[in-house]
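Enquirer: CSV, C-alpha atoms, file data.csv:
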chain,number,residue,atom,x,y,z
A,1,MET,CA,5.5,5.6,-32.7
A,2,SER,CA,5.9,6.0,-28.9
A,3,LEU,CA,9.3,5.8,-27.4
A,4,SER,CA,10.3,3.0,-25.0
A,5,GLY,CA,9.7,3.7,-21.4
A,6,LEU,CA,13.4,4.1,-20.7
A,7,GLU,CA,14.0,6.5,-23.6
A,8,ALA,CA,10.9,8.5,-22.8
A,9,ALA,CA,12.0,8.8,-19.2
A,10,GLN,CA,15.5,10.0,-20.1
A,11,ARG,CA,14.2,12.6,-22.5
A,12,PHE,CA,11.6,13.9,-20.1
A,13,VAL,CA,14.2,14.3,-17.3
A,14,ASN,CA,16.5,16.1,-19.6
A,15,MET,CA,13.7,18.4,-20.8
A,16,ARG,CA,11.8,19.1,-17.6
A,17,PHE,CA,14.4,18.6,-14.8
A,18,PRO,CA,17.8,19.4,-16.4
A,19,GLN,CA,19.3,20.5,-13.1
A,20,SER,CA,18.3,17.4,-11.2
A,21,GLU,CA,21.1,15.7,-9.2
A,22,ALA,CA,19.6,12.2,-9.8
A,23,ALA,CA,16.7,10.5,-11.4
A,24,ILE,CA,15.3,7.0,-10.9
A,25,LEU,CA,12.8,5.2,-13.1
A,26,ALA,CA,10.6,2.8,-11.2
A,27,GLY,CA,7.3,1.0,-11.3
A,28,SER,CA,5.9,-1.9,-13.4
A,29,ILE,CA,7.9,-0.7,-16.5
A,30,VAL,CA,11.0,-1.7,-14.6
A,31,GLN,CA,9.7,-4.6,-12.4
A,32,GLY,CA,7.7,-6.3,-15.2
A,33,GLY,CA,4.0,-6.8,-15.4
A,34,ALA,CA,3.3,-3.5,-17.3
A,35,THR,CA,-0.1,-3.1,-19.0
A,36,PRO,CA,-1.3,-0.7,-21.7
A,37,GLY,CA,-2.4,1.6,-18.9
A,38,SER,CA,1.0,1.6,-17.2
A,39,ASP,CA,2.7,5.0,-16.6
A,40,LEU,CA,6.3,5.9,-15.9
A,41,ASP,CA,7.2,6.5,-12.2
A,42,LEU,CA,10.1,8.8,-11.7
A,43,VAL,CA,11.8,9.8,-8.4
A,44,LEU,CA,13.9,12.9,-8.9
A,45,PHE,CA,16.3,14.6,-6.5
A,46,ASP,CA,16.4,18.2,-7.5
A,47,ASP,CA,17.4,21.0,-5.1
A,48,SER,CA,16.6,23.6,-7.8
A,49,GLN,CA,12.9,23.0,-7.3
A,50,PHE,CA,10.7,24.8,-4.8
A,51,GLY,CA,9.9,22.2,-2.2
A,52,PRO,CA,9.1,18.5,-2.6
A,53,PHE,CA,6.1,17.7,-4.8
A,54,ARG,CA,4.3,15.1,-6.9
A,55,LYS,CA,3.0,16.0,-10.4
A,56,THR,CA,1.6,14.1,-13.4
A,57,TYR,CA,2.7,14.9,-16.9
A,58,ARG,CA,2.1,13.6,-20.4
A,59,ALA,CA,5.2,13.5,-22.6
A,60,PHE,CA,6.6,11.4,-25.4
A,61,GLY,CA,3.5,9.2,-25.6
A,62,TRP,CA,3.5,8.4,-21.9
A,63,ILE,CA,1.8,9.5,-18.7
A,64,ILE,CA,4.6,10.3,-16.2
A,65,GLU,CA,4.3,10.5,-12.4
A,66,ALA,CA,7.1,12.5,-11.0
A,67,PHE,CA,8.0,12.5,-7.3
A,68,VAL,CA,10.4,15.3,-6.8
A,69,LEU,CA,12.5,15.3,-3.6
A,70,ASN,CA,15.7,16.7,-2.2
A,71,ARG,CA,18.3,15.7,0.4
A,72,ASP,CA,16.4,17.7,3.1
A,73,THR,CA,13.1,16.0,2.6
A,74,TYR,CA,13.5,12.4,1.4
A,75,ARG,CA,13.9,10.9,4.9
A,76,TYR,CA,10.6,12.4,6.0
A,77,PHE,CA,8.9,10.5,3.2
A,78,PHE,CA,10.8,7.3,3.9
A,79,ASP,CA,9.6,7.6,7.5
A,80,GLN,CA,6.1,8.1,6.4
A,81,ALA,CA,6.3,5.0,4.3
A,82,VAL,CA,7.6,2.9,7.2
A,83,GLU,CA,4.9,4.3,9.6
A,84,SER,CA,2.1,3.6,7.1
A,85,ALA,CA,3.5,0.2,6.1
A,86,ILE,CA,3.1,1.2,2.5
A,87,PRO,CA,6.6,1.2,1.1
A,88,SER,CA,5.9,2.5,-2.4
A,89,LEU,CA,8.7,5.2,-2.3
A,90,LEU,CA,11.1,2.8,-0.7
A,91,ARG,CA,10.6,0.2,-3.5
A,92,MET,CA,10.8,2.9,-6.2
A,93,CYS,CA,14.2,4.0,-4.9
A,94,SER,CA,15.6,0.5,-4.1
A,95,GLU,CA,14.4,-1.4,-7.1
A,96,GLY,CA,14.4,1.3,-9.8
A,97,ILE,CA,16.9,2.1,-12.6
A,98,VAL,CA,19.1,5.1,-11.9
A,99,LEU,CA,19.0,7.2,-15.0
A,100,HIS,CA,21.7,9.5,-13.9
A,101,GLY,CA,23.5,10.7,-10.7
A,102,HIS,CA,24.1,7.3,-9.1
A,103,GLU,CA,26.9,8.8,-7.0
A,104,HIS,CA,24.3,11.3,-5.5
A,105,VAL,CA,21.8,8.6,-4.5
A,106,ALA,CA,23.8,5.5,-3.7
A,107,ALA,CA,23.6,6.1,0.0
A,108,ILE,CA,19.9,6.9,-0.2
A,109,ILE,CA,19.2,3.7,-2.2
A,110,LYS,CA,21.0,1.8,0.5
A,111,GLU,CA,18.8,3.4,3.2
A,112,ALA,CA,15.7,2.4,1.2
A,113,ARG,CA,16.8,-1.2,1.0
A,114,HIS,CA,17.7,-1.3,4.7
A,115,ASP,CA,14.2,0.0,5.6
A,116,LEU,CA,12.6,-2.5,3.2
A,117,ASP,CA,14.5,-5.4,4.6
A,118,ALA,CA,13.7,-4.4,8.2
A,119,GLY,CA,10.0,-4.7,7.4
A,120,PRO,CA,7.1,-2.6,8.9
A,121,PRO,CA,6.7,-1.9,12.6
A,122,ALA,CA,4.8,-4.5,14.5
A,123,TRP,CA,1.2,-3.7,15.4
A,124,SER,CA,0.6,-2.7,19.0
A,125,ILE,CA,-2.0,-4.5,21.1
A,126,GLN,CA,-4.3,-1.5,20.6
A,127,GLU,CA,-3.9,-1.7,16.8
A,128,LEU,CA,-4.5,-5.4,16.7
A,129,ASP,CA,-7.6,-5.1,18.9
A,130,ARG,CA,-9.0,-2.3,16.8
A,131,SER,CA,-8.6,-4.3,13.7
A,132,ARG,CA,-10.3,-7.4,15.3
A,133,TYR,CA,-13.2,-5.2,16.4
A,134,GLU,CA,-13.6,-3.4,13.1
A,135,ILE,CA,-13.4,-6.6,11.0
A,136,GLY,CA,-16.1,-8.2,13.2
A,137,GLU,CA,-18.3,-5.2,13.0
A,138,THR,CA,-18.0,-5.0,9.2
A,139,LEU,CA,-18.7,-8.7,8.8
A,140,THR,CA,-21.8,-8.3,10.9
A,141,ASP,CA,-23.0,-5.4,8.7
A,142,LEU,CA,-22.6,-7.7,5.7
A,143,GLU,CA,-24.4,-10.6,7.2
A,144,CYS,CA,-27.3,-8.5,8.3
A,145,THR,CA,-27.8,-6.2,5.3
A,146,ALA,CA,-30.8,-6.8,3.0
A,147,SER,CA,-29.4,-4.5,0.3
A,148,ARG,CA,-27.3,-5.9,-2.5
A,149,ALA,CA,-25.9,-2.4,-3.2
A,150,GLU,CA,-24.8,-2.0,0.5
A,151,GLY,CA,-23.3,-5.4,0.5
A,152,LEU,CA,-21.0,-4.6,-2.4
A,153,PHE,CA,-19.6,-1.6,-0.6
A,154,ILE,CA,-19.3,-3.5,2.7
A,155,THR,CA,-17.5,-6.4,1.0
A,156,ALA,CA,-15.0,-4.1,-0.8
A,157,LYS,CA,-14.2,-2.5,2.6
A,158,LEU,CA,-13.9,-5.9,4.3
A,159,ALA,CA,-11.6,-7.3,1.6
A,160,GLY,CA,-9.0,-4.6,2.2
A,161,MET,CA,-9.3,-5.0,6.0
A,162,LEU,CA,-8.7,-8.7,5.8
A,163,ALA,CA,-5.7,-8.5,3.5
A,164,GLU,CA,-4.2,-5.8,5.7
A,165,PHE,CA,-4.8,-7.8,8.8
A,166,ALA,CA,-3.1,-10.9,7.3
A,167,LEU,CA,-0.1,-8.9,6.1
A,168,ARG,CA,0.4,-6.8,9.2
A,169,THR,CA,0.1,-9.7,11.7
A,170,GLY,CA,2.5,-11.6,9.5
A,171,GLY,CA,5.1,-8.8,9.6
A,172,PHE,CA,4.7,-7.9,5.9
A,173,TRP,CA,4.3,-4.7,4.0
A,174,ILE,CA,0.9,-3.7,2.6
A,175,GLY,CA,0.0,-1.6,-0.4
A,176,ASP,CA,-2.7,0.4,-2.2
A,177,GLY,CA,-5.2,-1.1,-4.6
A,178,LYS,CA,-3.7,-3.9,-6.7
A,179,TRP,CA,-0.5,-3.8,-4.6
A,180,LEU,CA,-2.5,-5.0,-1.6
A,181,GLN,CA,-3.6,-8.1,-3.4
A,182,ARG,CA,-0.2,-8.6,-4.9
A,183,SER,CA,1.5,-8.3,-1.5
A,184,LEU,CA,-0.9,-10.9,0.0
A,185,LYS,CA,-0.4,-13.3,-2.9
A,186,GLN,CA,3.4,-12.9,-2.5
A,187,SER,CA,3.4,-13.5,1.2
A,188,ASP,CA,0.8,-16.3,1.4
A,189,PRO,CA,-0.5,-17.6,-2.0
A,190,ALA,CA,-2.8,-20.1,-0.4
A,191,LEU,CA,-4.4,-17.5,1.9
A,192,ALA,CA,-4.7,-15.1,-1.0
A,193,GLU,CA,-6.6,-17.7,-3.1
A,194,GLU,CA,-8.9,-18.6,-0.1
A,195,LEU,CA,-9.8,-14.9,0.3
A,196,TYR,CA,-10.4,-14.6,-3.4
A,197,GLU,CA,-12.7,-17.6,-3.5
A,198,ALA,CA,-14.7,-16.3,-0.4
A,199,LEU,CA,-15.1,-12.9,-2.1
A,200,GLU,CA,-16.2,-14.5,-5.4
A,201,ALA,CA,-18.8,-16.5,-3.4
A,202,TYR,CA,-20.4,-13.2,-2.4
A,203,TYR,CA,-20.0,-11.3,-5.6
A,204,ARG,CA,-21.3,-14.1,-7.8
A,205,LEU,CA,-23.7,-16.0,-5.5
A,206,ASP,CA,-24.6,-13.6,-2.6
A,207,ARG,CA,-23.2,-16.2,-0.2
A,208,THR,CA,-21.6,-14.7,3.0
A,209,GLU,CA,-20.8,-18.0,4.6
A,210,PRO,CA,-17.3,-18.5,3.0
A,211,LEU,CA,-16.3,-15.0,4.1
A,212,SER,CA,-17.6,-15.6,7.6
A,213,ALA,CA,-15.6,-18.8,7.8
A,214,PHE,CA,-12.5,-17.0,6.4
A,215,VAL,CA,-12.7,-14.2,9.0
A,216,GLN,CA,-13.2,-16.7,11.9
A,217,LYS,CA,-10.1,-18.7,10.7
A,218,LEU,CA,-8.0,-15.5,10.3
A,219,LEU,CA,-8.8,-14.0,13.7
A,220,GLU,CA,-8.7,-17.2,15.7
A,221,PRO,CA,-4.9,-17.2,16.4
A,222,PHE,CA,-5.2,-13.6,17.7
A,223,GLY,CA,-8.2,-14.2,20.1
A,224,GLY,CA,-11.0,-14.3,17.6
A,225,PHE,CA,-13.8,-11.7,17.4
A,226,LEU,CA,-13.6,-8.8,19.8
A,227,VAL,CA,-16.9,-7.2,20.8
A,228,GLU,CA,-17.5,-6.8,24.6
A,229,GLY,CA,-14.8,-4.9,26.4
A,230,TYR,CA,-13.4,-3.1,23.4
A,231,ALA,CA,-12.6,0.5,24.2
A,232,GLU,CA,-10.7,3.4,22.9
A,233,GLY,CA,-9.3,6.3,24.9
A,234,ASP,CA,-9.3,6.6,28.7
A,235,ASP,CA,-11.1,3.7,30.4
A,236,PRO,CA,-13.8,5.2,32.7
A,237,GLY,CA,-13.7,2.1,34.8
A,238,GLU,CA,-16.2,-0.7,35.4
A,239,GLU,CA,-19.8,0.4,35.5
A,240,GLU,CA,-22.6,-1.6,37.0
A,241,THR,CA,-24.9,-3.2,34.5
A,242,GLY,CA,-28.2,-4.7,34.9
A,243,PRO,CA,-28.9,-8.5,34.8
Could the structure of this file be written out as structure tokens, please?

Expert:
Amino acid sequence: MSLSGLEAAQRFVNMRFPQSEAAILAGSIVQGGATPGSDLDLVLFDDSQFGPFRKTYRAFGWIIEAFVLNRDTYRYFFDQAVESAIPSLLRMCSEGIVLHGHEHVAAIIKEARHDLDAGPPAWSIQELDRSRYEIGETLTDLECTASRAEGLFITAKLAGMLAEFALRTGGFWIGDGKWLQRSLKQSDPALAEELYEALEAYYRLDRTEPLSAFVQKLLEPFGGFLVEGYAEGDDPGEEETGP
């Protein structure tokens, strides 16, 4: 019989990282919503280890993802999380269960919560314009392709781009995979459902019209589609064009 997630995590830390200053158990096991495929996410602060690393283990009937940091490196990874707007490590530290060493990580947990509450950095005009342009370009690819196989790949890409656009322009964190959809659903349930229905219309019925309408509605408050005039890098100046 497998051990509970909490007991397995405690035994693993004692066995594999006995010199760790602190250990935090995080993920769906702690937050709820665990599935039969859920693993154990552990954040460890251990100065006895050679450098920060991430490694996957199997122990006590569980798959265990260990994120090993120390006091000299954790801030770098926090800053990366903020810059990418994917706060996985921040959430693990701020929402997890401290297995031991609370006194060593209390200030670090406070930092993580502060960063989470502050939200991701706002998009620059250049980032907003790039996203508007790329979404329009991707939608055009979908509307014009005659290949069902191509359409599936294009739609998968477009779904992620639309969710990210909605979240970042709203000042919300994003996520990877399932966490991107969960973040959108948490921030705007109605919009998440509308996107889901538009995607289903393509996946089930090969209809692109609902996605086209969704994109137009999403981009409209930010200037709509961007095609002519979009540029990256140094602007070479206006060039004469024919009639």

Enquirer: What is the atom CA of A:Leu180-atom CA of A:Lys110 distance in Å, reported with one decimal?

Expert: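 Distance reported for this atom pair: 24.6 Å.
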
Enquirer: Rounded to one decimal place, report the atom CA of A:Ser212-atom CA of A:Ser183 distance in Å.

Expert: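 Distance between the two atoms: 22.4 Å.
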
Enquirer: Could you check which of A:Gly51, A:Gly96, A:Gly229, A:Gly101 is closest to A:Gln31, using all atoms listed in the file?

Expert: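 The shortest atom-to-atom distance to A:Gln31 comes from A:Gly96.
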
Enquirer: So how many Å separate atom CA of A:Gly224 and atom CA of A:Ala192, to one decimal?

Expert: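 Atom CA of A:Ala192 lies at a distance of 19.7 Å from atom CA of A:Gly224.
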
Enquirer: Go through A:Ile154, A:Glu228, A:Phe214, A:Gln181 and flag the residue nearest A:Glu197, using all atoms listed in the file for the distances.

Expert: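 So, comparing all the options, the nearest one is A:Phe214.
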
Enquirer: With only C-alpha atoms as the basis for distance, which of A:Gly170, A:Gly5, A:Gly175, A:Gly136 is at the shortest distance from A:Ile97?

Expert: A:Gly5

Enquirer: So which residues touch A:Ile64 within 10 Å, counting only C-alpha atoms, skipping near sequence neighbours fewer than 6 positions away, as a short mmCIF file (atom, residue, chain, number, x, y, z; two decimals) with C-alpha atoms, in the frame of the given file?

Expert:
data_model
loop_
_atom_site.label_atom_id
_atom_site.label_comp_id
_atom_site.auth_asym_id
_atom_site.auth_seq_id
_atom_site.Cartn_x
_atom_site.Cartn_y
_atom_site.Cartn_z
CA GLY A 5 9.70 3.70 -21.40
CA ALA A 8 10.90 8.50 -22.80
CA ALA A 9 12.00 8.80 -19.20
CA PHE A 12 11.60 13.90 -20.10
CA SER A 38 1.00 1.60 -17.20
CA ASP A 39 2.70 5.00 -16.60
CA LEU A 40 6.30 5.90 -15.90
CA ASP A 41 7.20 6.50 -12.20
CA LEU A 42 10.10 8.80 -11.70
CA LYS A 55 3.00 16.00 -10.40
CA THR A 56 1.60 14.10 -13.40
CA TYR A 57 2.70 14.90 -16.90
CA ARG A 58 2.10 13.60 -20.40
#

Enquirer: Quick one: of A:Ile109, A:Leu219, A:Leu152, A:Ala163, who's nearest to A:Arg204, counting only C-alpha atoms?

Expert: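 Selected residue with least distance to A:Arg204: A:Leu152.
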
Enquirer: Mind giving me the axis-aligned box for stretch 45-60 of chain A with 8 Å on every side, centre plus edges in Å to one decimal, as JSON?

Expert:
{"center_x": 9.5, "center_y": 18.1, "center_z": -13.8, "size_x": 31.8, "size_y": 29.4, "size_z": 39.2}

Enquirer: Find the residues near stretch 78-85 of chain A: any atom within 9 Å, counting only C-alpha atoms, skip ones fewer than 6 places away on the same chain, and give them as a list of chain:residue names.

Expert: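 Selected residues are A:Glu111, A:Ala112, A:Asp115, A:Leu116, A:Gly119, A:Pro120, A:Pro121, A:Arg168, A:Phe172, A:Trp173, A:Ile174, A:Gly175.
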
Enquirer: Pick out the closest residue to A:His102 from this set: A:Tyr133, A:Phe45, A:Tyr74, A:Phe153. Count all atoms listed in the file.

Expert: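 For A:His102, the nearest of the candidates is A:Phe45.
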
Enquirer: Please list, as a PDB file with C-alpha atoms, keeping the file's coordinate frame, the residues that have an atom at most 12 Å away from (-17.8, -15.3, 13.2) in the coordinates of this file, counting all atoms listed in the file.

Expert:
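File out_33.pdb, as written:
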ATOM      1  CA  ARG A 132     -10.300  -7.400  15.300  1.00  0.00           C
ATOM      2  CA  TYR A 133     -13.200  -5.200  16.400  1.00  0.00           C
ATOM      3  CA  ILE A 135     -13.400  -6.600  11.000  1.00  0.00           C
ATOM      4  CA  GLY A 136     -16.100  -8.200  13.200  1.00  0.00           C
ATOM      5  CA  GLU A 137     -18.300  -5.200  13.000  1.00  0.00           C
ATOM      6  CA  THR A 138     -18.000  -5.000   9.200  1.00  0.00           C
ATOM      7  CA  LEU A 139     -18.700  -8.700   8.800  1.00  0.00           C
ATOM      8  CA  THR A 140     -21.800  -8.300  10.900  1.00  0.00           C
ATOM      9  CA  LEU A 142     -22.600  -7.700   5.700  1.00  0.00           C
ATOM     10  CA  GLU A 143     -24.400 -10.600   7.200  1.00  0.00           C
ATOM     11  CA  THR A 208     -21.600 -14.700   3.000  1.00  0.00           C
ATOM     12  CA  GLU A 209     -20.800 -18.000   4.600  1.00  0.00           C
ATOM     13  CA  PRO A 210     -17.300 -18.500   3.000  1.00  0.00           C
ATOM     14  CA  LEU A 211     -16.300 -15.000   4.100  1.00  0.00           C
ATOM     15  CA  SER A 212     -17.600 -15.600   7.600  1.00  0.00           C
ATOM     16  CA  ALA A 213     -15.600 -18.800   7.800  1.00  0.00           C
ATOM     17  CA  PHE A 214     -12.500 -17.000   6.400  1.00  0.00           C
ATOM     18  CA  VAL A 215     -12.700 -14.200   9.000  1.00  0.00           C
ATOM     19  CA  GLN A 216     -13.200 -16.700  11.900  1.00  0.00           C
ATOM     20  CA  LYS A 217     -10.100 -18.700  10.700  1.00  0.00           C
ATOM     21  CA  LEU A 218      -8.000 -15.500  10.300  1.00  0.00           C
ATOM     22  CA  LEU A 219      -8.800 -14.000  13.700  1.00  0.00           C
ATOM     23  CA  GLU A 220      -8.700 -17.200  15.700  1.00  0.00           C
ATOM     24  CA  GLY A 223      -8.200 -14.200  20.100  1.00  0.00           C
ATOM     25  CA  GLY A 224     -11.000 -14.300  17.600  1.00  0.00           C
ATOM     26  CA  PHE A 225     -13.800 -11.700  17.400  1.00  0.00           C
ATOM     27  CA  LEU A 226     -13.600  -8.800  19.800  1.00  0.00           C
ATOM     28  CA  VAL A 227     -16.900  -7.200  20.800  1.00  0.00           C
TER      29      VAL A 227
END

Enquirer: Find the residue from A:Leu158, A:Ile125, A:Ala166, A:Leu69 that sits nearest to A:Glu232; use all atoms listed in the file when measuring.

Expert: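 Of A:Leu158, A:Ile125, A:Ala166, A:Leu69, the one nearest A:Glu232 is A:Ile125, counting all atoms listed in the file.
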
Enquirer: Neighbours of A:Phe50 within 12 Å (all atoms listed in the file; same-chain residues fewer than 2 positions away dropped), as JSON, numbers by chain?

Expert: {"A": [45, 46, 47, 48, 52, 53, 54, 68, 69, 70, 73]}
